[in-house]
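Trainee: Next comes run_32.cif, mmCIF, C-alpha atoms:
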data_structure
#
loop_
_atom_site.group_PDB
_atom_site.id
_atom_site.type_symbol
_atom_site.label_atom_id
_atom_site.label_comp_id
_atom_site.auth_asym_id
_atom_site.auth_seq_id
_atom_site.Cartn_x
_atom_site.Cartn_y
_atom_site.Cartn_z
ATOM 1 C CA MET D 1 167.668 125.682 107.854
ATOM 2 C CA ALA D 2 168.945 129.229 107.227
ATOM 3 C CA ILE D 3 171.774 129.679 104.733
ATOM 4 C CA GLU D 4 174.449 131.925 106.242
ATOM 5 C CA ASP D 5 175.450 134.950 104.218
ATOM 6 C CA ASN D 6 179.104 134.974 103.155
ATOM 7 C CA PRO D 7 181.026 135.563 99.891
ATOM 8 C CA GLU D 8 180.745 131.894 98.840
ATOM 9 C CA THR D 9 176.965 131.610 99.337
ATOM 10 C CA ARG D 10 176.478 134.963 97.604
ATOM 11 C CA ARG D 11 178.569 133.723 94.660
ATOM 12 C CA LYS D 12 176.520 130.527 94.365
ATOM 13 C CA TYR D 13 173.275 132.468 94.662
ATOM 14 C CA GLY D 14 174.433 134.815 91.908
ATOM 15 C CA GLU D 15 175.461 131.937 89.639
ATOM 16 C CA GLU D 16 172.040 130.321 90.042
ATOM 17 C CA LEU D 17 170.343 133.628 89.321
ATOM 18 C CA LYS D 18 172.372 134.053 86.141
ATOM 19 C CA ARG D 19 171.713 130.440 85.059
ATOM 20 C CA ARG D 20 167.955 130.789 85.488
ATOM 21 C CA ARG D 21 167.882 134.178 83.787
ATOM 22 C CA GLU D 22 169.758 132.854 80.752
ATOM 23 C CA ALA D 23 167.578 129.718 80.670
ATOM 24 C CA ALA D 24 164.572 132.028 80.456
ATOM 25 C CA GLY D 25 166.193 133.795 77.488
ATOM 26 C CA LEU D 26 166.376 137.133 79.293
ATOM 27 C CA THR D 27 169.070 139.783 79.324
ATOM 28 C CA GLN D 28 169.904 141.577 82.563
ATOM 29 C CA GLU D 29 168.068 144.617 81.243
ATOM 30 C CA GLN D 30 164.941 142.573 80.473
ATOM 31 C CA LEU D 31 164.934 140.875 83.879
ATOM 32 C CA SER D 32 165.511 144.187 85.643
ATOM 33 C CA GLU D 33 162.345 145.525 84.014
ATOM 34 C CA LEU D 34 160.320 142.400 84.808
ATOM 35 C CA ALA D 35 161.471 142.229 88.444
ATOM 36 C CA ILE D 36 161.541 146.007 88.973
ATOM 37 C CA ILE D 37 165.171 145.842 90.130
ATOM 38 C CA SER D 38 167.853 148.153 88.762
ATOM 39 C CA ARG D 39 170.129 146.527 86.172
ATOM 40 C CA THR D 40 173.189 147.650 88.170
ATOM 41 C CA HIS D 41 171.927 145.966 91.325
ATOM 42 C CA LEU D 42 171.041 142.827 89.358
ATOM 43 C CA ALA D 43 174.555 142.703 87.898
ATOM 44 C CA HIS D 44 176.085 142.991 91.383
ATOM 45 C CA MET D 45 173.843 140.173 92.645
ATOM 46 C CA GLU D 46 174.826 137.870 89.774
ATOM 47 C CA ALA D 47 178.497 138.617 90.426
ATOM 48 C CA GLY D 48 178.063 137.778 94.113
ATOM 49 C CA ARG D 49 179.076 141.288 95.193
ATOM 50 C CA ARG D 50 175.765 142.223 96.756
ATOM 51 C CA ARG D 51 173.232 140.321 98.797
ATOM 52 C CA PRO D 52 169.638 140.520 97.540
ATOM 53 C CA GLY D 53 167.013 141.705 99.991
ATOM 54 C CA ALA D 54 163.864 139.749 100.801
ATOM 55 C CA GLU D 55 161.745 141.883 98.460
ATOM 56 C CA ASP D 56 164.340 141.434 95.673
ATOM 57 C CA ALA D 57 164.061 137.652 96.102
ATOM 58 C CA ARG D 58 160.262 137.743 95.905
ATOM 59 C CA ARG D 59 160.388 139.845 92.750
ATOM 60 C CA LEU D 60 162.894 137.474 91.145
ATOM 61 C CA ASP D 61 160.638 134.529 91.940
ATOM 62 C CA ARG D 62 157.639 136.270 90.371
ATOM 63 C CA ALA D 63 159.661 137.052 87.247
ATOM 64 C CA LEU D 64 161.535 133.751 86.826
ATOM 65 C CA ASN D 65 159.710 131.123 88.902
ATOM 66 C CA PRO D 66 155.944 131.705 88.817
ATOM 67 C CA GLY D 67 154.398 129.490 91.479
ATOM 68 C CA ASP D 68 157.776 128.762 93.102
ATOM 69 C CA ASP D 69 159.717 130.648 95.809
ATOM 70 C CA PHE D 70 163.224 129.371 95.090
ATOM 71 C CA PHE D 71 165.053 132.691 95.473
ATOM 72 C CA GLU D 72 163.227 133.570 98.666
ATOM 73 C CA ARG D 73 163.730 130.115 100.230
ATOM 74 C CA PHE D 74 167.464 130.096 99.526
ATOM 75 C CA LEU D 75 168.104 133.718 100.406
ATOM 76 C CA PRO D 76 171.326 133.951 102.484
ATOM 77 C CA VAL D 77 170.705 135.416 105.937
ATOM 78 C CA LEU D 78 172.926 138.021 107.550
ATOM 79 C CA ASP D 79 175.052 135.717 109.740
ATOM 80 C CA GLY D 80 172.163 135.412 112.173
ATOM 81 C CA LYS D 81 171.858 139.191 112.548
ATOM 82 C CA LYS D 82 168.360 140.360 113.338
ATOM 83 C CA VAL D 83 167.092 143.600 111.765
ATOM 84 C CA ALA D 84 163.856 144.899 110.326
ATOM 85 C CA GLU D 85 163.340 143.228 106.950
ATOM 86 C CA HIS D 86 163.348 146.524 105.058
ATOM 87 C CA PHE D 87 166.781 147.369 106.541
ATOM 88 C CA GLU D 88 168.525 144.095 105.644
ATOM 89 C CA GLU D 89 169.992 145.297 102.350
ATOM 90 C CA ALA D 90 171.052 148.644 103.808
ATOM 91 C CA LEU D 91 172.858 146.849 106.668
ATOM 92 C CA GLU D 92 174.855 144.858 104.140
ATOM 93 C CA PHE D 93 175.867 148.057 102.347
ATOM 94 C CA GLU D 94 176.753 149.785 105.610
ATOM 95 C CA GLY D 95 179.351 147.117 106.335
ATOM 96 C CA GLN D 96 181.009 147.676 102.934
ATOM 97 C CA ALA D 97 180.913 151.478 102.819
ATOM 98 C CA THR D 98 183.995 153.704 102.861
ATOM 99 C CA ALA D 99 181.956 156.836 103.640
ATOM 100 C CA ILE D 100 178.520 157.308 105.210
ATOM 101 C CA ARG D 101 176.401 160.465 105.408
ATOM 102 C CA VAL D 102 173.392 159.957 107.671
ATOM 103 C CA TYR D 103 170.513 162.151 108.822
ATOM 104 C CA GLY D 104 168.662 161.727 112.114
ATOM 105 C CA GLN D 105 165.175 163.232 112.035
ATOM 106 C CA THR D 106 163.800 162.329 115.466
ATOM 107 C CA LEU D 107 166.143 159.606 116.774
ATOM 108 C CA VAL D 108 169.891 159.227 117.102
ATOM 109 C CA PRO D 109 170.951 157.211 114.003
ATOM 110 C CA GLY D 110 171.594 153.554 114.850
ATOM 111 C CA VAL D 111 175.319 153.690 114.195
ATOM 112 C CA LEU D 112 175.681 156.431 116.867
ATOM 113 C CA GLN D 113 173.447 154.952 119.569
ATOM 114 C CA THR D 114 174.549 153.847 123.012
ATOM 115 C CA ARG D 115 173.382 150.506 124.352
ATOM 116 C CA ALA D 116 170.908 152.037 126.833
ATOM 117 C CA TYR D 117 169.426 154.336 124.189
ATOM 118 C CA ALA D 118 169.099 151.480 121.682
ATOM 119 C CA GLU D 119 167.523 149.209 124.277
ATOM 120 C CA ASP D 120 164.792 151.749 125.020
ATOM 121 C CA VAL D 121 164.112 152.335 121.321
ATOM 122 C CA LEU D 122 163.888 148.612 120.591
ATOM 123 C CA SER D 123 161.678 147.972 123.627
ATOM 124 C CA SER D 124 159.152 150.593 122.524
ATOM 125 C CA GLY D 125 156.755 150.800 119.607
ATOM 126 C CA SER D 126 153.470 149.157 118.770
ATOM 127 C CA ALA D 127 154.954 145.899 117.431
ATOM 128 C CA ARG D 128 155.295 143.389 120.287
ATOM 129 C CA LYS D 129 158.690 141.696 120.584
ATOM 130 C CA SER D 130 159.792 138.757 122.691
ATOM 131 C CA ASP D 131 162.805 139.273 124.950
ATOM 132 C CA GLU D 132 164.813 137.015 122.630
ATOM 133 C CA GLU D 133 163.857 138.980 119.524
ATOM 134 C CA ARG D 134 164.616 142.295 121.210
ATOM 135 C CA ASP D 135 168.004 141.013 122.392
ATOM 136 C CA LYS D 136 168.923 139.894 118.857
ATOM 137 C CA LEU D 137 167.981 143.312 117.500
ATOM 138 C CA LEU D 138 170.039 144.951 120.230
ATOM 139 C CA VAL D 139 173.119 142.835 119.475
ATOM 140 C CA THR D 140 172.945 143.816 115.802
ATOM 141 C CA ARG D 141 172.455 147.481 116.690
ATOM 142 C CA ILE D 142 175.502 147.493 118.974
ATOM 143 C CA GLU D 143 177.598 145.625 116.391
ATOM 144 C CA ARG D 144 176.809 148.405 113.912
ATOM 145 C CA THR D 145 178.336 151.010 116.232
ATOM 146 C CA ARG D 146 181.668 149.158 116.179
ATOM 147 C CA ILE D 147 182.461 150.457 112.702
ATOM 148 C CA LEU D 148 183.472 153.667 114.512
ATOM 149 C CA GLU D 149 186.075 152.004 116.723
ATOM 150 C CA ASN D 150 189.056 152.335 114.381
ATOM 151 C CA PHE D 151 190.275 154.605 111.621
ATOM 152 C CA ASP D 152 190.038 151.900 108.954
ATOM 153 C CA SER D 153 186.249 152.103 109.196
ATOM 154 C CA PRO D 154 184.048 154.454 107.154
ATOM 155 C CA THR D 155 184.201 158.206 107.557
ATOM 156 C CA VAL D 156 180.837 159.261 108.963
ATOM 157 C CA TRP D 157 178.997 162.571 108.788
ATOM 158 C CA ALA D 158 175.780 162.976 110.737
ATOM 159 C CA ILE D 159 173.165 165.697 110.448
ATOM 160 C CA LEU D 160 170.906 165.683 113.510
ATOM 161 C CA ASP D 161 167.678 167.605 113.722
ATOM 162 C CA GLU D 162 167.444 169.448 117.043
ATOM 163 C CA ALA D 163 164.436 167.206 117.786
ATOM 164 C CA VAL D 164 166.914 164.327 118.223
ATOM 165 C CA LEU D 165 168.495 166.181 121.140
ATOM 166 C CA ARG D 166 165.226 167.269 122.732
ATOM 167 C CA ARG D 167 163.169 164.077 122.466
ATOM 168 C CA GLU D 168 163.736 162.239 125.738
ATOM 169 C CA ILE D 169 164.395 158.546 125.085
ATOM 170 C CA GLY D 170 164.850 156.354 128.146
ATOM 171 C CA GLY D 171 164.970 159.236 130.633
ATOM 172 C CA PRO D 172 167.446 162.057 131.384
ATOM 173 C CA ALA D 173 170.359 159.790 132.372
ATOM 174 C CA VAL D 174 170.097 157.764 129.143
ATOM 175 C CA MET D 175 169.904 160.942 127.058
ATOM 176 C CA CYS D 176 172.872 162.492 128.847
ATOM 177 C CA GLU D 177 174.984 159.421 128.110
ATOM 178 C CA ALA D 178 173.765 159.250 124.488
ATOM 179 C CA LEU D 179 174.590 162.894 123.747
ATOM 180 C CA ARG D 180 177.966 162.790 125.451
ATOM 181 C CA HIS D 181 178.797 159.704 123.392
ATOM 182 C CA ILE D 182 178.150 161.724 120.224
ATOM 183 C CA VAL D 183 180.294 164.579 121.552
ATOM 184 C CA ARG D 184 183.185 162.160 122.221
ATOM 185 C CA LEU D 185 182.937 160.756 118.707
ATOM 186 C CA GLY D 186 182.980 164.293 117.320
ATOM 187 C CA GLU D 187 185.910 165.385 119.460
ATOM 188 C CA ASN D 188 187.886 162.288 118.443
ATOM 189 C CA HIS D 189 187.245 163.025 114.754
ATOM 190 C CA ARG D 190 185.386 159.748 114.232
ATOM 191 C CA VAL D 191 182.188 161.553 113.248
ATOM 192 C CA ARG D 192 181.527 165.010 111.882
ATOM 193 C CA VAL D 193 178.292 166.248 113.469
ATOM 194 C CA HIS D 194 175.989 169.059 112.327
ATOM 195 C CA VAL D 195 172.804 170.005 114.168
ATOM 196 C CA LEU D 196 169.860 171.511 112.313
ATOM 197 C CA PRO D 197 168.351 173.901 114.905
ATOM 198 C CA PHE D 198 164.618 174.461 115.195
ATOM 199 C CA SER D 199 165.274 178.060 114.112
ATOM 200 C CA SER D 200 166.243 176.856 110.618
ATOM 201 C CA GLY D 201 162.552 176.090 109.969
ATOM 202 C CA TYR D 202 161.744 173.796 107.062
ATOM 203 C CA HIS D 203 164.725 172.032 105.496
ATOM 204 C CA ALA D 204 165.294 169.586 102.652
ATOM 205 C CA LEU D 205 165.423 166.438 104.832
ATOM 206 C CA LEU D 206 162.611 167.236 107.265
ATOM 207 C CA GLU D 207 160.177 164.665 105.881
ATOM 208 C CA GLY D 208 162.249 161.491 106.184
ATOM 209 C CA PHE D 209 165.376 159.523 107.057
ATOM 210 C CA VAL D 210 168.224 159.139 104.570
ATOM 211 C CA SER D 211 171.617 157.452 104.623
ATOM 212 C CA LEU D 212 174.079 157.965 101.772
ATOM 213 C CA MET D 213 176.918 155.488 101.257
ATOM 214 C CA TRP D 214 180.017 155.444 99.069
ATOM 215 C CA PHE D 215 182.171 152.412 98.213
ATOM 216 C CA GLU D 216 185.658 151.666 96.979
ATOM 217 C CA ASP D 217 184.706 149.916 93.725
ATOM 218 C CA GLN D 218 180.939 150.340 93.395
ATOM 219 C CA PRO D 219 178.654 153.294 92.695
ATOM 220 C CA PRO D 220 177.106 155.139 95.675
ATOM 221 C CA ILE D 221 173.646 154.309 97.019
ATOM 222 C CA ALA D 222 170.967 156.050 99.057
ATOM 223 C CA TYR D 223 168.800 154.379 101.687
ATOM 224 C CA VAL D 224 165.527 156.186 102.385
ATOM 225 C CA GLU D 225 163.221 155.119 105.204
ATOM 226 C CA GLY D 226 159.684 155.882 106.338
ATOM 227 C CA LEU D 227 157.278 154.272 108.800
ATOM 228 C CA ASN D 228 157.824 150.470 108.706
ATOM 229 C CA ASN D 229 159.395 150.635 105.268
ATOM 230 C CA GLY D 230 162.654 151.500 103.595
ATOM 231 C CA ARG D 231 164.258 151.316 100.190
ATOM 232 C CA VAL D 232 167.768 151.254 98.784
ATOM 233 C CA TRP D 233 168.137 153.436 95.694
ATOM 234 C CA GLU D 234 170.931 152.764 93.203
ATOM 235 C CA GLU D 235 169.612 154.749 90.244
ATOM 236 C CA PRO D 236 172.133 157.588 89.721
ATOM 237 C CA ALA D 237 169.428 160.255 89.313
ATOM 238 C CA MET D 238 167.747 159.335 92.607
ATOM 239 C CA VAL D 239 171.067 159.069 94.475
ATOM 240 C CA ARG D 240 172.098 162.512 93.174
ATOM 241 C CA ALA D 241 168.742 163.961 94.239
ATOM 242 C CA CYS D 242 169.215 162.592 97.767
ATOM 243 C CA GLN D 243 172.780 163.912 97.864
ATOM 244 C CA LEU D 244 171.560 167.349 96.783
ATOM 245 C CA ASP D 245 168.909 167.391 99.534
ATOM 246 C CA TYR D 246 171.557 166.371 102.052
ATOM 247 C CA ASP D 247 173.887 169.146 100.908
ATOM 248 C CA HIS D 248 171.091 171.729 101.119
ATOM 249 C CA ALA D 249 170.247 170.645 104.673
ATOM 250 C CA LEU D 250 173.928 170.721 105.594
ATOM 251 C CA GLY D 251 174.033 174.336 104.453
ATOM 252 C CA ASP D 252 171.291 175.178 106.992
ATOM 253 C CA ALA D 253 172.986 173.331 109.866
ATOM 254 C CA LEU D 254 175.330 174.588 112.580
ATOM 255 C CA SER D 255 179.072 174.092 112.176
ATOM 256 C CA HIS D 256 180.709 170.999 113.655
ATOM 257 C CA ARG D 257 182.128 173.025 116.544
ATOM 258 C CA GLY D 258 178.862 174.861 117.147
ATOM 259 C CA SER D 259 176.935 171.588 117.013
ATOM 260 C CA LEU D 260 179.151 169.926 119.617
ATOM 261 C CA ALA D 261 178.726 172.953 121.887
ATOM 262 C CA LEU D 262 174.931 172.708 121.605
ATOM 263 C CA ILE D 263 174.938 168.953 122.238
ATOM 264 C CA ARG D 264 177.143 169.436 125.329
ATOM 265 C CA SER D 265 174.756 172.078 126.637
ATOM 266 C CA VAL D 266 171.696 169.866 126.186
ATOM 267 C CA ALA D 267 173.556 166.931 127.799
ATOM 268 C CA GLU D 268 174.200 169.130 130.852
ATOM 269 C CA GLU D 269 170.472 169.914 131.046
ATOM 270 C CA TYR D 270 169.727 166.180 131.083
ATOM 271 C CA GLU D 271 172.409 165.592 133.710
ATOM 272 C CA HIS D 272 170.814 168.230 135.933
ATOM 273 C CA ALA D 273 167.370 166.669 135.423
ATOM 274 C CA ALA D 274 168.749 163.215 136.240
ATOM 275 C CA ARG D 275 170.175 164.504 139.536
ATOM 276 C CA ILE D 276 166.849 166.039 140.499
ATOM 277 C CA ASN D 277 165.046 162.782 139.689
ATOM 278 C CA HIS D 278 167.560 160.795 141.702
ATOM 279 C CA HIS D 279 167.371 163.084 144.733
ATOM 280 C CA PRO D 280 163.766 164.204 145.225
#
Could you write out this structure as structure tokens?

Mentor:
Amino acid sequence: MAIEDNPETRRKYGEELKRRREAAGLTQEQLSELAIISRTHLAHMEAGRRRPGAEDARRLDRALNPGDDFFERFLPVLDGKKVAEHFEEALEFEGQATAIRVYGQTLVPGVLQTRAYAEDVLSSGSARKSDEERDKLLVTRIERTRILENFDSPTVWAILDEAVLRREIGGPAVMCEALRHIVRLGENHRVRVHVLPFSSGYHALLEGFVSLMWFEDQPPIAYVEGLNNGRVWEEPAMVRACQLDYDHALGDALSHRGSLALIRSVAEEYEHAARINHHP
């Protein structure tokens, strides 16, 4: 039976982690080296402030429980939310963040997606999904977008490569709706949007996806993602490097106003294409 993730289960998980670490005669620094987990992240887990990811749990078991899978078996799950395993930890951070800076390389970032756009993304790909699994993923994706519904939620900046606007996901009507949704968020000051045009050539973020997050009482983190994998970085040097790359790319991007104008223009192109498709 899955153990639901909440502050109490995280606290108990952290207490058990601390008890077993101390029983093994290890300091946090020593365990962080053995498990290949940053000492800061380990300290947050023991204090119940952060939920360990599945890979964290496996590494803790290898370091503290050879031949046993205690930490993996009793890993709290995200209130039934379904996401790719490598994104679990990042999702937890996203819900706690006070500020988010995200980059979309080829797809609209999840937090900005419309339902129709998300449904097409989650229905595609080489990995086969049952209708039930896809629906669970979709519910989680849509729940993520709700952090933009009020002004108590995180401030969000989004850099979008022009490829995000031009790659047709779900057809012209879906793309028109998706782009106009981004324009509305930008006009309502919920998101600050910057498009990196094709004319900018190579830029610092071209080779991957990154999301930077800041928190009220914890150090910032960076989430970097590639094909079927992702990693949360807490090491200050790596987070600063990701922030620097983000800032460099931002310097090559269009202004917020110019970006919204371009997105509106592309949305109109999709609207025109949708009309033609609807009336042959």

Trainee: With the cut-off set at 9 Å and counting all atoms listed in the file, tabulate each residue of stretch 91-181 of chain D with an atom at most that distance from an atom of stretch 230-247 of chain D, showing the nearest atom pair and its distance in Å to one decimal, ordered by chain and increasing number, as CSV.

Mentor:
residue,atom,partner,partner_atom,distance
D:Arg101,CA,D:Tyr246,CA,8.3
D:Val102,CA,D:Tyr246,CA,8.7
D:Tyr103,CA,D:Tyr246,CA,8.0
D:Ile159,CA,D:Tyr246,CA,8.6

Trainee: Please return, as a ChimeraX atom specification, all polymer residues that have at least one atom within 6 Å of the point (167.2, 158.5, 104.1); use all atoms listed in the file and the file's own coordinate frame.

Mentor: /D:209-211,223-225

Trainee: Between atom CA of D:Ala99 and atom CA of D:Leu212, what is the distance in Å, rounded to a tenth?

Mentor: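 Between atom CA of D:Ala99 and atom CA of D:Leu212 the gap works out to 8.2 Å.
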
Trainee: Record the distance separating atom CA of D:Thr40 and atom CA of D:Asn229, expressed in Å with one decimal.

Mentor: 22.2 Å

Trainee: Could you tell me which of D:Ala222, D:Leu91, D:Leu138, D:Ala54 comes closest to D:Arg115 if we count only C-alpha atoms?

Mentor: D:Leu138

Trainee: Quick check on the file I pasted: which residues fall under the PyMOL selection byres ((chain D and resi 266) around 10)? Write them as a PyMOL selection string.

Mentor: chain D and resi 165-166+175-176+179-180+260-265+267-272

Trainee: Of the candidates D:Arg167, D:His248, D:Arg58, D:Lys12, which one gets nearest to D:Arg73 if we count all atoms listed in the file?

Mentor: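 Checking each of D:Arg167, D:His248, D:Arg58, D:Lys12 against D:Arg73, counting all atoms listed in the file, the winner is D:Arg58.
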
Trainee: Have a look at D:Ile221, D:Leu112, D:Ala273, D:Leu205 and name the one nearest to D:Glu92; count only C-alpha atoms.

Mentor: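 Residue with the minimum atom-to-atom distance to D:Glu92: D:Ile221.
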
Trainee: Per residue of stretch 246-280 of chain D within 6 Å of stretch 188-202 of chain D, note the shortest atom pair and the distance in Å to one decimal, counting only C-alpha atoms, and order the rows by chain and increasing residue number, as JSON lines.

Mentor:
{"residue": "D:Ala253", "atom": "CA", "partner": "D:Leu196", "partner_atom": "CA", "distance": 4.4}
{"residue": "D:Leu254", "atom": "CA", "partner": "D:Val195", "partner_atom": "CA", "distance": 5.5}
{"residue": "D:Ser255", "atom": "CA", "partner": "D:His194", "partner_atom": "CA", "distance": 5.9}
{"residue": "D:His256", "atom": "CA", "partner": "D:His194", "partner_atom": "CA", "distance": 5.3}
{"residue": "D:Ser259", "atom": "CA", "partner": "D:Val195", "partner_atom": "CA", "distance": 5.3}

Trainee: Store the residues of this selection in a file with C-alpha atoms, as a CSV table (one decimal), keeping the file's coordinate frame.

Mentor:
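What follows is the written file selection04.csv:
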chain,number,residue,atom,x,y,z
D,253,ALA,CA,173.0,173.3,109.9
D,254,LEU,CA,175.3,174.6,112.6
D,255,SER,CA,179.1,174.1,112.2
D,256,HIS,CA,180.7,171.0,113.7
D,259,SER,CA,176.9,171.6,117.0

Trainee: Pull out every residue that the PyMOL selection byres ((chain D and resi 61) around 12) matches in the shown coordinates and put them as a VMD selection string.

Mentor: chain D and resid 17 20 to 21 31 34 to 36 54 to 60 62 to 75

Trainee: What does the distance between atom CA of D:Lys18 and atom CA of D:Glu33 come to in Å, to one decimal place?

Mentor: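 Pair atom CA of D:Lys18 / atom CA of D:Glu33 returns 15.4 Å.
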
Trainee: Residues within 7 Å of (163.5, 161.4, 116.9), file coordinates, counting only C-alpha atoms: what are they? Give the list as a PyMOL selection string.

Mentor: chain D and resi 105-108+163-164+167

Trainee: Calculated over all atoms listed in the file, which of the candidates D:His44, D:Gln28, D:Arg19, D:His181 has the smallest distance to D:Pro219?

Mentor: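 That would be D:His44, the residue with the smallest distance to D:Pro219.
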
Trainee: Under the rule that all atoms listed in the file are counted, which of D:Ser123, D:Thr140, D:Gln113, D:Ser153 is the nearest residue to D:Glu177?

Mentor: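 Closest candidate: D:Gln113.
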
Trainee: Running the PyMOL selection byres ((chain D and resi 48) around 7) on this model by hand, what would come out? Give it as a list in words.

Mentor: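 For this structure, the PyMOL selection byres ((chain D and resi 48) around 7) captures Pro7, Arg10, Arg11, Gly14, His44, Met45, Glu46, Ala47, Arg49 and Arg50 of chain D.
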
Trainee: Restricting the calculation to all atoms listed in the file: of D:Ala43, D:Val121, D:Ala97, D:Ala173, which residue gets closest to D:Ile147?

Mentor: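 Once distances to D:Ile147 are computed over all atoms listed in the file, the minimum belongs to D:Ala97.
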